[in-house]
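Here's the structure we're looking at; comments come further down.
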Amino acid sequence: MLADEFSLIKRYFSDCGTGASDTLLGVGDDCALLAPPPGEVLAVTTDSLLAGVHFPLDSPARLIGLRALAVNLSDMAAMAATPRWFQLALSIPEADQDWLAEFSAGLNRMACDFNCTLVGGDTTRGPLTISITLLGTVPPEQALQRSGAKPGDIVFVSGTLGDGAGGLAVLEGRLPVDMGGATYLQDRFWQPQARVAEGLAIRGFASAAIDISDGLLADLGHIAAASRVGAEVEVDKLPLSQVLQRSAGLERGRNWALSGGDDYELCFTVPASGLAQCQRLIDEGVLNATPIGRIIQGGGVHCIDEQGALLDISTSGYQHF
């Protein structure tokens, strides 16, 4: 049995991540001491996951640990920053040692995969809630923001869309699917592949970027609002996985791609001057991305069909309130 909070931290979280040399002092003191690389600034993001809201109540602890850090890593990717350190605020109903061992194993696996280190945090008793603050670094002139899109830029997305929503539908029993399909879609929900390498690859030519957490329409809408422009999405160009199309059908797959959320892919814009470099990276297999639309004058995000006719999309994405 664990005697207190400090024993819990020492046993499960004192060696989480890679322990890089830029961590001068990590877990175990009042503050962490960190050393950003010369010429780079800090990029900081925080996400909270609540049981019953962001994942089902009976979810495996290892998968919760994987997902909790992955969603923060996706924010870092969208800023074209390199993840380095993170802090964990963990609220748990009880100090269940089996649960903690599995949770910390999942968290450590994701941290090691992306070469970042746990450097502090807090633990409390309460409803299961995981809050992570992730810190990264980026040269200030290369940080991608939401406000840089201009009319004429081409809108790209990485990977495939809709799989995260499909995975949640499988978990909640709303999407009957064969074993192979269920495994693929649930993995896409629990272990979104934060596109950190892709974010670093595009920061030399992309004009704006965001990660797709609440749905393409909602998140592209944030780029449009911040850049004071509009956007057109060609729905027939949305990249959908074969598993999603087979399991959910084309129409539902497209709807989930547009507004389902939980994909954690990148949505980014590229001006004409960067299109050749972008295409070269795609051709070389460095970047898995698909052009799906363009930035236009005006405001809002509009969907068009193959003939260029406007489509009426009633749901734009996940709403937190």
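Every chain in the structure tokens has a letter given in the order shown (A, B, ...), and although residue numbers restart at 1 in each chain, ligands are simply numbered from 1 in the order shown.
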* List every residue of segment 154-241 of chain A that DSSP, applied to the backbone of this structure, assigns to strand (DSSP E or B), and report them as a PyMOL selection string. => chain A and resi 154-158+208-212+230-234
Exercise for review: Considering only C-alpha atoms, return as a list in words whatever protein or nucleic-acid residues lie within 12 Å of Arg254 of chain A, sequence-local ones (same chain, fewer than 6 positions apart) excluded.
Suggested key: Thr160, Leu161, Gly162, Asp163, Ala165, Gly166, Gly215, Leu216, Leu217, Val233, Glu234, Val235, Asp236, Lys237, Leu238, Pro239, Leu240, Ser241, Leu244, Gln245, Ala248, Gly260, Gly261, Cys303, Asp305 and Ile313 of chain A
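You will find atom CA of Leu287 of chain A at 18.5 Å from atom CA of Arg188 of chain A.
For the atom pair formed by atom CA of Ala61 of chain A and atom CA of Asp98 of chain A, the distance is 8.9 Å, given to one decimal.
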Counting only C-alpha atoms, closest pick from A:Gly173, A:Pro139, A:Gly285, A:Gly199 relative to Pro56 of chain A is A:Gly173
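Residues surrounding Ala149 of chain A within 8 Å are Ser207, Ala208, Ile223, Ala224, Ser227, Val229, Thr269, Val270 and Ile295 of chain A [only C-alpha atoms; sequence separation below 5 positions excluded].
The coordinates place atom CA of Arg62 of chain A at 16.6 Å from atom CA of Glu94 of chain A.
Using only C-alpha atoms, the nearest neighbour of Ala272 of chain A within the list A:Ser259, A:Pro192, A:Ala225, A:Lys150 is A:Lys150.
Proximity to Thr82 of chain A was assessed for A:Glu198, A:Asp262, A:Glu172, A:Asp283 counting only C-alpha atoms; the smallest distance is recorded for A:Glu198.
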Next on the checklist: If you run DSSP on the backbone here, which positions in segment 45-268 of chain A get helix (DSSP H, G or I)? Please write them as a PyMOL selection string.
Outcome noted: chain A and resi 61-78+97-113+140-142+163-171+179-190+196-202+216-227+235-237+242-248+250-259
- Shell of 8 Å around Pro127 of chain A, only C-alpha atoms, local chain residues under 2 positions omitted, as a PyMOL selection string: chain A and resi 51+91-93+125+129
